[in-house]
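**Q** If it helps, the file is called input_5.txt and holds compact mmCIF, C-alpha atoms and all ligand atoms:
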```txt
# COMPACT_ATOMS: atom_id res chain seq x y z
CA MET X 1 11.20 26.93 -7.32
CA PHE X 2 7.94 25.31 -6.17
CA ARG X 3 8.26 27.14 -2.86
CA LYS X 4 8.78 30.55 -4.57
CA ARG X 5 5.72 30.01 -6.78
CA HIS X 6 3.69 28.99 -3.76
CA ILE X 7 4.72 32.14 -1.85
CA ALA X 8 3.96 34.36 -4.88
CA ALA X 9 0.51 32.77 -5.28
CA SER X 10 -0.39 33.25 -1.62
CA LEU X 11 0.92 36.84 -1.74
CA ALA X 12 -1.29 37.54 -4.76
CA ARG X 13 -4.27 36.06 -2.91
CA GLU X 14 -3.54 38.24 0.13
CA LEU X 15 -3.29 41.36 -2.06
CA LEU X 16 -6.58 40.52 -3.76
CA ALA X 17 -8.15 40.19 -0.35
CA LEU X 18 -6.64 43.54 0.66
CA GLN X 19 -7.94 45.43 -2.39
CA PRO X 20 -11.52 45.78 -1.05
CA LEU X 21 -9.99 46.68 2.31
CA PHE X 22 -8.27 49.68 0.79
CA ILE X 23 -11.41 50.80 -1.05
CA ILE X 24 -13.50 50.41 2.11
CA PHE X 25 -10.90 52.33 4.08
CA LEU X 26 -11.01 55.29 1.67
CA PHE X 27 -14.79 55.18 1.42
CA SER X 28 -15.18 54.96 5.17
CA LEU X 29 -12.66 57.72 5.76
CA HIS X 30 -14.49 59.98 3.33
CA HIS X 31 -17.94 59.09 4.71
CA ASN X 32 -16.95 59.54 8.35
CA THR X 33 -15.13 62.77 7.69
CA VAL X 34 -18.15 64.22 5.88
CA GLN X 35 -20.43 63.10 8.73
CA CYS X 36 -18.19 64.62 11.39
CA GLN X 37 -17.88 67.81 9.44
CA GLY X 38 -21.66 67.93 9.03
CA ARG X 39 -22.15 67.43 12.77
CA LEU X 40 -19.58 70.06 13.64
CA SER X 41 -20.97 72.59 11.20
CA LYS X 42 -24.46 72.01 12.65
CA HIS X 43 -23.04 72.48 16.09
CA VAL X 44 -21.33 75.69 15.09
CA SER X 45 -24.37 77.12 13.30
CA SER X 46 -26.72 76.23 16.20
CA GLU X 47 -24.72 78.46 18.58
CA PRO X 48 -26.43 81.85 19.12
CA PRO X 49 -24.50 84.56 17.34
CA SER X 50 -22.48 86.57 19.78
CA PRO X 51 -23.01 90.24 19.48
CA SER X 52 -19.33 90.88 20.18
CA ARG X 53 -18.19 88.43 17.52
CA PRO X 54 -18.92 89.06 13.84
CA SER X 55 -20.58 86.18 11.95
CA PRO X 56 -18.17 83.98 10.02
CA PRO X 57 -17.92 84.66 6.34
CA SER X 58 -18.35 80.96 5.53
CA SER X 59 -21.81 79.36 5.42
CA SER X 60 -20.72 76.18 7.24
CA GLY X 61 -18.70 77.84 9.98
CA TYR X 62 -16.06 75.15 10.54
CA LYS X 63 -13.38 76.71 8.38
CA ASP X 64 -12.45 78.98 11.25
CA ASP X 65 -11.70 76.14 13.65
CA PRO X 66 -8.70 74.03 12.50
CA LYS X 67 -8.80 71.95 15.74
CA LYS X 68 -12.28 70.73 14.92
CA ILE X 69 -11.31 69.97 11.35
CA ILE X 70 -8.36 67.90 12.57
CA LEU X 71 -10.55 66.15 15.16
CA SER X 72 -13.12 65.26 12.52
CA LEU X 73 -10.40 63.91 10.22
CA VAL X 74 -8.86 61.81 13.02
CA LEU X 75 -12.25 60.41 14.05
CA GLY X 76 -13.02 59.60 10.42
CA ALA X 77 -9.67 57.89 9.97
CA VAL X 78 -9.98 55.83 13.16
CA THR X 79 -13.48 54.54 12.46
CA GLY X 80 -12.49 53.91 8.84
CA LEU X 81 -9.46 51.89 9.98
CA VAL X 82 -11.47 49.83 12.48
CA CYS X 83 -14.12 49.02 9.85
CA SER X 84 -11.45 48.09 7.30
CA VAL X 85 -9.55 45.79 9.69
CA PHE X 86 -12.81 44.08 10.61
CA PHE X 87 -13.72 43.68 6.95
CA ALA X 88 -10.22 42.31 6.16
CA LEU X 89 -10.56 39.71 8.92
CA VAL X 90 -13.92 38.58 7.55
CA VAL X 91 -12.49 38.36 3.99
CA ARG X 92 -9.47 36.43 5.28
CA CYS X 93 -11.63 33.91 7.14
CA VAL X 94 -13.83 33.38 4.06
CA VAL X 95 -10.74 32.91 1.79
CA GLN X 96 -9.19 30.45 4.26
CA TYR X 97 -12.45 28.51 4.53
CA LEU X 98 -12.77 28.26 0.73
CA ASN X 99 -9.08 27.28 0.32
CA ARG X 100 -8.99 24.52 2.99
CA THR X 101 -7.96 21.05 1.88
CA PRO X 102 -11.00 18.91 1.10
CA ILE X 103 -11.14 15.62 3.00
CA LEU X 104 -10.65 12.95 0.34
CA LYS X 105 -12.86 9.87 0.46
CA GLY X 106 -11.21 7.17 -1.67
CA PRO X 107 -7.58 5.95 -1.84
CA VAL X 108 -5.01 8.47 -3.08
CA ILE X 109 -2.58 6.64 -5.36
CA PHE X 110 0.95 7.74 -6.37
CA SER X 111 2.00 4.54 -8.19
CA PRO X 112 0.76 3.28 -11.58
CA LYS X 113 1.07 -0.31 -10.29
CA ILE X 114 -1.73 0.17 -7.74
CA ALA X 115 -5.41 0.42 -8.70
CA PRO X 116 -7.80 1.96 -6.13
CA LYS X 117 -10.25 -0.98 -6.15
CA THR X 118 -7.57 -3.68 -5.75
CA LEU X 119 -6.05 -1.72 -2.88
CA GLN X 120 -9.37 -1.41 -1.07
CA LEU X 121 -10.05 -5.14 -1.55
CA ALA X 122 -6.59 -6.04 -0.20
CA LEU X 123 -6.96 -3.77 2.84
CA ALA X 124 -10.30 -5.38 3.70
CA LYS X 125 -8.65 -8.85 3.88
CA GLU X 126 -7.07 -10.41 6.97
CA ASN X 127 -3.40 -9.39 6.61
CA HIS X 128 -0.09 -10.63 7.98
CA LEU X 129 1.26 -8.50 10.86
CA LEU X 130 4.87 -7.34 10.29
CA GLY X 131 5.40 -5.00 13.23
CA SER X 132 3.51 -3.17 15.90
CA SER X 133 4.07 -0.14 18.16
CA PRO X 134 1.90 2.39 20.00
CA ASN X 135 2.17 4.52 16.82
CA GLY X 136 0.50 1.95 14.56
CA LYS X 137 0.80 -1.47 12.97
CA TYR X 138 2.59 -2.69 9.82
CA TYR X 139 0.84 -5.33 7.70
CA LYS X 140 1.97 -7.25 4.64
CA THR X 141 -0.61 -7.81 1.93
CA VAL X 142 -0.74 -9.00 -1.68
CA LEU X 143 -2.77 -7.16 -4.34
CA ASP X 144 -4.78 -8.98 -7.04
CA ASN X 145 -2.06 -8.14 -9.59
CA GLY X 146 0.54 -10.00 -7.47
CA LEU X 147 2.24 -6.89 -6.03
CA THR X 148 3.18 -7.26 -2.35
CA ILE X 149 2.86 -4.12 -0.25
CA ALA X 150 3.52 -3.07 3.35
CA VAL X 151 0.73 -1.04 4.95
CA LYS X 152 1.18 1.11 8.04
CA ARG X 153 -2.11 1.71 9.86
CA LEU X 154 -2.07 4.94 11.84
CA THR X 155 -4.72 5.97 14.34
CA PRO X 156 -3.61 9.51 15.22
CA PHE X 157 -6.73 10.44 17.20
CA GLY X 158 -8.62 8.64 19.91
CA SER X 159 -12.22 7.56 19.33
CA SER X 160 -13.27 10.16 21.91
CA SER X 161 -11.84 13.12 19.91
CA PRO X 162 -14.55 15.55 18.78
CA GLU X 163 -15.53 15.19 15.10
CA ALA X 164 -14.48 18.80 14.24
CA LYS X 165 -10.99 18.21 15.71
CA LYS X 166 -10.69 14.91 13.82
CA LYS X 167 -11.54 16.74 10.56
CA SER X 168 -8.91 19.42 11.06
CA VAL X 169 -6.27 16.79 12.02
CA LYS X 170 -7.22 14.77 8.92
CA ARG X 171 -6.75 17.85 6.73
CA GLN X 172 -3.30 18.50 8.24
CA ILE X 173 -2.32 14.85 7.77
CA GLN X 174 -3.44 14.88 4.13
CA THR X 175 -1.31 17.95 3.44
CA GLU X 176 1.72 16.27 5.07
CA LEU X 177 1.13 13.03 3.16
CA GLU X 178 1.04 14.90 -0.16
CA LEU X 179 4.43 16.38 0.76
CA LEU X 180 5.88 13.00 1.81
CA ALA X 181 4.64 11.39 -1.41
CA SER X 182 6.52 14.00 -3.45
CA LEU X 183 9.90 12.98 -1.96
CA ARG X 184 12.07 10.72 -4.07
CA HIS X 185 15.47 9.37 -2.99
CA ARG X 186 17.24 6.06 -3.37
CA ASN X 187 17.60 5.78 0.42
CA LEU X 188 14.00 6.60 1.35
CA MET X 189 10.92 4.38 1.30
CA SER X 190 8.48 6.11 -1.09
CA LEU X 191 4.86 6.53 -0.11
CA ARG X 192 2.91 4.67 -2.84
CA ALA X 193 -0.64 5.45 -1.71
CA TYR X 194 -2.74 6.37 1.27
CA VAL X 195 -6.30 5.66 2.30
CA ARG X 196 -8.41 7.62 4.74
CA GLU X 197 -10.29 5.42 7.17
CA PRO X 198 -12.90 6.26 9.84
CA ASP X 199 -10.33 6.12 12.67
CA GLY X 200 -7.11 7.03 10.84
CA PHE X 201 -5.01 6.46 7.73
CA SER X 202 -3.39 3.49 5.95
CA LEU X 203 -0.04 4.32 4.35
CA VAL X 204 1.15 2.05 1.53
CA TYR X 205 4.85 1.29 0.85
CA ASP X 206 6.75 -1.33 -1.17
CA TYR X 207 7.22 -4.57 0.71
CA VAL X 208 10.96 -5.22 1.29
CA SER X 209 11.60 -8.96 1.57
CA THR X 210 14.95 -8.65 3.44
CA GLY X 211 13.12 -6.72 6.17
CA SER X 212 14.64 -4.07 8.38
CA LEU X 213 18.17 -3.63 9.76
CA ALA X 214 16.73 -4.87 13.09
CA ASP X 215 15.57 -8.11 11.37
CA VAL X 216 19.01 -8.56 9.74
CA LEU X 217 20.89 -7.86 13.00
CA ASN X 218 18.76 -10.48 14.75
CA ARG X 219 19.79 -13.01 12.11
CA VAL X 220 23.46 -12.02 12.58
CA TRP X 221 23.17 -12.41 16.37
CA GLU X 222 21.61 -15.85 15.86
CA ASN X 223 24.56 -16.78 13.58
CA GLU X 224 22.26 -17.19 10.58
CA LEU X 225 24.02 -14.50 8.58
CA ALA X 226 27.60 -13.24 8.16
CA PHE X 227 27.88 -9.48 7.88
CA GLY X 228 31.17 -8.03 6.54
CA TRP X 229 32.55 -4.48 6.92
CA GLU X 230 31.85 -3.55 3.28
CA VAL X 231 28.12 -4.23 3.70
CA ARG X 232 28.00 -2.47 7.08
CA LEU X 233 29.71 0.61 5.62
CA ARG X 234 27.27 0.58 2.67
CA ILE X 235 24.37 0.61 5.14
CA ALA X 236 25.90 3.47 7.17
CA VAL X 237 26.56 5.57 4.05
CA GLY X 238 23.04 4.93 2.68
CA VAL X 239 21.39 5.89 5.98
CA VAL X 240 23.34 9.12 6.20
CA LYS X 241 22.61 9.95 2.54
CA GLY X 242 18.89 9.54 3.29
CA LEU X 243 19.30 11.91 6.26
CA GLN X 244 21.29 14.39 4.17
CA TYR X 245 18.42 14.48 1.65
CA LEU X 246 15.86 15.11 4.41
CA HIS X 247 18.01 17.69 6.22
CA PHE X 248 19.43 19.66 3.29
CA THR X 249 17.93 18.84 -0.09
CA CYS X 250 14.25 18.00 -0.01
CA ALA X 251 11.77 20.70 -1.03
CA PRO X 252 9.54 22.60 -0.33
CA GLN X 253 10.72 22.24 3.27
CA ILE X 254 13.39 20.26 5.08
CA LEU X 255 12.37 17.35 7.22
CA LEU X 256 13.70 15.60 10.29
CA HIS X 257 13.28 11.86 10.78
CA TYR X 258 12.40 12.00 14.51
CA ASN X 259 12.45 8.23 15.02
CA LEU X 260 15.56 6.74 13.41
CA LYS X 261 16.39 3.22 14.64
CA PRO X 262 17.12 -0.20 13.07
CA THR X 263 13.40 -1.13 12.77
CA ASN X 264 12.95 1.97 10.59
CA VAL X 265 15.80 1.16 8.17
CA MET X 266 14.67 -1.27 5.42
CA LEU X 267 17.32 -3.20 3.49
CA ASP X 268 16.84 -4.26 -0.13
CA GLY X 269 18.37 -7.41 -1.67
CA ASP X 270 21.81 -5.71 -1.96
CA PHE X 271 21.60 -4.37 1.62
CA GLU X 272 21.05 -0.86 0.28
CA PRO X 273 19.18 0.92 3.10
CA ARG X 274 15.93 2.88 2.77
CA LEU X 275 14.63 4.97 5.64
CA ALA X 276 11.05 4.28 6.71
CA ASP X 277 8.59 6.24 8.87
CA TYR X 278 10.42 9.57 8.33
CA GLY X 279 8.35 12.67 9.00
CA LEU X 280 5.64 10.73 10.85
CA ALA X 281 6.11 13.02 13.86
CA LYS X 282 4.09 15.66 12.04
CA LEU X 283 1.31 13.15 11.42
CA LEU X 284 1.44 11.89 15.00
CA PRO X 285 1.78 14.91 17.29
CA ASN X 286 2.02 12.45 20.22
CA LEU X 287 4.66 10.27 18.57
CA ASP X 288 5.66 7.56 21.05
CA ARG X 289 9.42 6.86 21.05
CA GLY X 290 9.07 4.59 24.08
CA THR X 291 12.35 4.25 25.95
CA SER X 292 14.43 3.79 22.82
CA LEU X 293 18.21 3.90 23.29
CA TYR X 294 18.31 5.63 19.91
CA THR X 295 16.59 8.71 21.41
CA PRO X 296 19.07 11.60 21.88
CA PRO X 297 19.72 12.80 25.46
CA GLU X 298 18.22 16.26 24.76
CA CYS X 299 14.88 14.48 24.13
CA PHE X 300 14.67 12.29 27.22
CA HIS X 301 12.11 14.52 28.92
CA ASN X 302 10.86 16.95 26.32
CA CYS X 303 11.44 16.87 22.60
CA SER X 304 10.69 20.49 21.78
CA ARG X 305 14.40 21.07 21.00
CA TYR X 306 14.65 18.30 18.39
CA THR X 307 17.01 19.29 15.55
CA ASP X 308 18.86 17.59 12.69
CA LYS X 309 21.64 16.89 15.23
CA SER X 310 19.13 14.79 17.22
CA ASP X 311 18.72 12.53 14.15
CA ILE X 312 22.55 12.38 14.03
CA PHE X 313 22.66 10.94 17.57
CA SER X 314 20.31 8.13 16.44
CA PHE X 315 22.57 7.58 13.41
CA GLY X 316 25.60 7.40 15.75
CA MET X 317 23.88 4.56 17.63
CA ILE X 318 23.27 2.69 14.35
CA LEU X 319 26.91 3.17 13.31
CA GLY X 320 28.03 2.03 16.79
CA VAL X 321 25.93 -1.15 16.51
CA LEU X 322 27.31 -1.85 13.01
CA LEU X 323 30.90 -1.44 14.25
CA THR X 324 30.67 -3.29 17.54
CA GLY X 325 28.10 -5.89 16.54
CA LYS X 326 26.63 -5.37 20.01
CA ASP X 327 23.02 -4.78 20.94
CA PRO X 328 22.81 -1.46 22.88
CA THR X 329 20.27 -3.08 25.21
CA ASP X 330 22.96 -5.60 26.26
CA PRO X 331 23.31 -5.53 30.11
CA PHE X 332 27.07 -5.11 29.50
CA PHE X 333 26.44 -1.39 28.79
CA GLY X 334 24.70 -0.96 32.14
CA GLU X 335 28.00 -1.52 33.97
CA ALA X 336 30.04 1.53 34.99
CA ALA X 337 33.26 -0.03 33.59
CA SER X 338 31.72 0.01 30.12
CA GLY X 339 30.86 3.72 30.26
CA GLY X 340 27.15 3.26 30.99
CA SER X 341 26.13 3.29 27.30
CA LEU X 342 27.37 2.36 23.84
CA GLY X 343 28.52 5.96 23.26
CA GLY X 344 30.26 6.12 26.65
CA TRP X 345 32.06 2.83 25.97
CA LEU X 346 33.27 3.98 22.52
CA ARG X 347 34.54 7.28 23.96
CA HIS X 348 36.25 5.49 26.85
CA LEU X 349 38.07 3.00 24.57
CA GLN X 350 39.06 5.68 22.12
CA GLN X 351 40.57 7.93 24.81
CA ALA X 352 42.48 4.94 26.20
CA GLY X 353 43.85 4.16 22.70
CA ASP X 354 41.99 0.82 22.68
CA ALA X 355 39.41 1.56 19.96
CA ARG X 356 40.27 -1.77 18.28
CA ASP X 357 38.69 -3.57 21.25
CA ALA X 358 35.33 -2.07 20.29
CA LEU X 359 35.24 -3.70 16.86
CA ASP X 360 33.12 -6.77 16.10
CA LYS X 361 35.67 -9.62 16.00
CA SER X 362 33.77 -11.33 13.19
CA MET X 363 34.66 -8.43 10.82
CA LEU X 364 38.37 -8.23 11.57
CA GLY X 365 40.75 -9.43 8.92
CA GLU X 366 42.20 -7.09 6.35
CA GLU X 367 44.52 -4.40 7.76
CA GLY X 368 43.31 -1.64 5.40
CA GLU X 369 39.70 -2.26 6.41
CA GLU X 370 40.64 -2.12 10.07
CA ASP X 371 41.97 1.43 9.65
CA GLU X 372 38.63 2.42 8.10
CA MET X 373 36.77 0.84 11.01
CA LEU X 374 38.93 2.73 13.54
CA MET X 375 38.18 6.02 11.77
CA ALA X 376 34.48 5.05 11.81
CA VAL X 377 34.66 4.49 15.61
CA ARG X 378 35.87 8.10 15.99
CA ILE X 379 32.99 9.28 13.77
CA ALA X 380 30.42 7.26 15.78
CA ALA X 381 31.78 8.68 19.08
CA ALA X 382 31.43 12.24 17.68
CA CYS X 383 27.83 11.55 16.59
CA LEU X 384 27.06 10.26 20.10
CA SER X 385 28.31 13.45 21.81
CA ASP X 386 25.98 14.64 24.55
CA MET X 387 26.03 18.19 23.17
CA PRO X 388 24.18 18.43 19.82
CA ALA X 389 26.57 21.17 18.61
CA ASP X 390 29.52 18.74 18.91
CA ARG X 391 27.90 16.27 16.48
CA PRO X 392 28.72 16.52 12.77
CA SER X 393 25.93 17.34 10.29
CA SER X 394 24.59 14.73 7.85
CA ASP X 395 26.26 16.68 5.04
CA GLU X 396 29.67 16.41 6.74
CA LEU X 397 29.05 12.74 7.56
CA VAL X 398 28.42 11.84 3.91
CA HIS X 399 31.86 13.24 3.06
CA MET X 400 33.57 11.63 6.07
CA LEU X 401 32.12 8.17 5.46
CA THR X 402 32.47 8.10 1.67
CA GLN X 403 36.14 9.11 2.01
CA LEU X 404 36.96 6.35 4.50
CA HIS X 405 38.37 4.22 1.69
CA SER X 406 41.13 6.80 1.12
CA PHE X 407 42.51 6.50 4.68
N1 LIG Q 501 8.15 -1.94 3.92
C1 LIG Q 501 8.40 -2.97 4.71
N2 LIG Q 501 8.75 -4.15 4.20
C2 LIG Q 501 9.00 -5.19 5.00
N3 LIG Q 501 8.92 -5.16 6.34
C3 LIG Q 501 8.57 -4.00 6.91
C4 LIG Q 501 8.29 -2.86 6.12
N4 LIG Q 501 7.99 -1.86 6.96
C5 LIG Q 501 8.06 -2.35 8.20
N5 LIG Q 501 8.42 -3.64 8.19
C6 LIG Q 501 8.57 -4.51 9.37
O1 LIG Q 501 7.96 -3.86 10.47
C7 LIG Q 501 8.92 -3.66 11.50
C8 LIG Q 501 8.73 -2.31 12.11
O2 LIG Q 501 7.45 -2.21 12.62
P1 LIG Q 501 6.98 -0.90 13.37
O3 LIG Q 501 7.31 0.30 12.53
O4 LIG Q 501 5.56 -1.09 13.74
O5 LIG Q 501 7.90 -0.94 14.65
P2 LIG Q 501 8.72 0.22 15.28
O6 LIG Q 501 9.71 0.73 14.25
O7 LIG Q 501 9.30 -0.24 16.57
O8 LIG Q 501 7.60 1.30 15.56
P3 LIG Q 501 7.65 2.88 15.40
O9 LIG Q 501 8.35 3.18 14.08
O10 LIG Q 501 6.23 3.27 15.37
O11 LIG Q 501 8.41 3.40 16.59
C9 LIG Q 501 10.29 -3.74 10.84
O12 LIG Q 501 11.27 -4.22 11.74
C10 LIG Q 501 10.03 -4.73 9.72
O13 LIG Q 501 10.17 -6.05 10.21
```
Could you write out this structure as structure tokens?

**A**
Amino acid sequence: MFRKRHIAASLARELLALQPLFIIFLFSLHHNTVQCQGRLSKHVSSEPPSPSRPSPPSSSGYKDDPKKIILSLVLGAVTGLVCSVFFALVVRCVVQYLNRTPILKGPVIFSPKIAPKTLQLALAKENHLLGSSPNGKYYKTVLDNGLTIAVKRLTPFGSSSPEAKKKSVKRQIQTELELLASLRHRNLMSLRAYVREPDGFSLVYDYVSTGSLADVLNRVWENELAFGWEVRLRIAVGVVKGLQYLHFTCAPQILLHYNLKPTNVMLDGDFEPRLADYGLAKLLPNLDRGTSLYTPPECFHNCSRYTDKSDIFSFGMILGVLLTGKDPTDPFFGEAASGGSLGGWLRHLQQAGDARDALDKSMLGEEGEEDEMLMAVRIAAACLSDMPADRPSSDELVHMLTQLHSF
């Protein structure tokens, strides 16, 4: 609906811009035609009258020569068209310049719980570092009203970038941030505010005390936390529902995550997952994925062919980790006998009819649950297919995973 209105508004603007073009075209056509006719008639009348040829009955003389009339019309039309196109380009540039997004100075707030002044005070304080990557740093900070927030500091352009380029990048980022802030889904972290800074942007999210799936998995691997199948399945379903929203439902345009991995899946107190850092690829044209094992094979060298199925590969890795309880960076996966990767190992065991060997022993117990886990291994192996077309879509995955209980 929003998209249709937006298209209609821009179409109306274009037509308004084209109205003077049409008038100029007609005026120019008329003016040039008259001029050409004038010149031709002068030319004709300046010729000495031939004794053998009777003088034309018309005073102007051009009526007798249809070729010249056509030539004058064509010349008039061509110059009229060139002038009109030039004028349209000028009008278009002026309209675009007037319509460009203004660069906002203060914080832009999307939550009633955050006041601009308190946010600015909190950001100026020394804050606790939560995470860091070449793409930016996450800080935890507490506002004067007691609200704890997580702030991602992005520096999308180097200090050496020219000021004009910085301004245009800032405008693009603001437009993207407005879009991201409009998204609402139970399984997505909502953007609560953003602040423009001299060298980048600060993005404000709710602070999630349980931390990310990566934090929780570390606690499981250090035997600080027990993690049953029911909770793992809830996390998998929530992650894929978040993806389904990005890939199929969100408006005015669909989004891809581009960087799905356990550090970008936050877990609330009930282990309900919420995807973080989605859509940042558009804010960070040089998004650094490092050498993440969650990166799909089609993106190892060049990520120009990134699609929703690329996000599905990353999801397959998360599902594989939840099922096996193994860290994909484990040297075990480097050995040829284990298939060379988590996906290779799952495929190998499944083909050999030994899929049960892949499951995390700490989850095994109830027989009914084990059948669900074995079905989930097949789903994870499909998501980890090397060919994107062989991977299921997020829409199909929501149905597959939510129906596991009926197997
Ligand atoms: N909203 C939040 N609440 C609590 N902790 C958070 C929040 N957002 C991020 N974190 C913490 O920050 C960590 C992630 O930091 P960061 O995003 O810098 O790392 P990364 O995911 O490896 O980087 P990138 O996403 O740029 O590739 C999470 O594992 C978590 O511990």

**Q** How many Å separate atom CA of X:Thr155 from atom CA of X:Pro328?

**A**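 Atom CA of X:Pro328 lies at a distance of 29.8 Å from atom CA of X:Thr155.
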
**Q** Let me see if you get this right: every residue at most 6 Å from ligand LIG 501 (chain Q), counting only C-alpha atoms and all ligand atoms, written as a list of chain:residue names.

**A**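 Using only C-alpha atoms and all ligand atoms, I find these residues within 6 Å of ligand LIG 501 (chain Q): X:Leu130, X:Gly131, X:Ser132, X:Ser133, X:Asn135, X:Gly136, X:Lys137, X:Tyr138, X:Ala150, X:Tyr205, X:Asp206, X:Tyr207, X:Val208, X:Ser209, X:Gly211, X:Ser212, X:Ala214, X:Asp215, X:Thr263, X:Asn264, X:Arg289.
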
**Q** Could you pull out every residue with an atom within 10 Å of (29.3, -2.4, 15.1), file coordinates, counting all atoms listed in the file, and send them as JSON, numbers by chain?

**A** {"X": [229, 232, 233, 317, 318, 319, 320, 321, 322, 323, 324, 325, 326, 327, 358, 359, 360, 361, 363, 373, 376, 377, 380]}

**Q** Would you pick out the contacts of X:Leu179 at 9 Å or less, using all atoms listed in the file, so that residues sharing its chain but fewer than 3 positions from it are not included, and give the list as a PyMOL selection string?

**A** chain X and resi 174-176+182-183+251-253

**Q** Just give me the gap between atom CA of X:Pro331 and atom CA of X:Arg378 in Å, one decimal is fine.

**A**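 Going from atom CA of X:Pro331 over to atom CA of X:Arg378, I get 23.3 Å.
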
**Q** Counting all atoms listed in the file, which residues sit no farther than 12 Å from the position (22.7, 20.1, 4.5) in the file's frame? I'd like them as a ChimeraX atom specification.

**A** /X:240-250,254-256,308-309,392-399

**Q** Measure the distance from atom CA of X:Pro112 to atom CA of X:Val151 in Å and round it to one decimal.

**A** 17.1 Å

**Q** Output as a Markdown table one row per residue of stretch 258-301 of chain X within 10 Å of stretch 165-173 of chain X: the closest atom pair and its distance in Å to one decimal place, counting only C-alpha atoms, sorted by chain and residue number ascending.

**A**
```
| residue | atom | partner | partner_atom | distance |
| --- | --- | --- | --- | --- |
| X:Leu280 | CA | X:Ile173 | CA | 9.5 |
| X:Lys282 | CA | X:Ile173 | CA | 7.7 |
| X:Leu283 | CA | X:Ile173 | CA | 5.4 |
| X:Leu284 | CA | X:Ile173 | CA | 8.7 |
| X:Pro285 | CA | X:Val169 | CA | 9.8 |
```
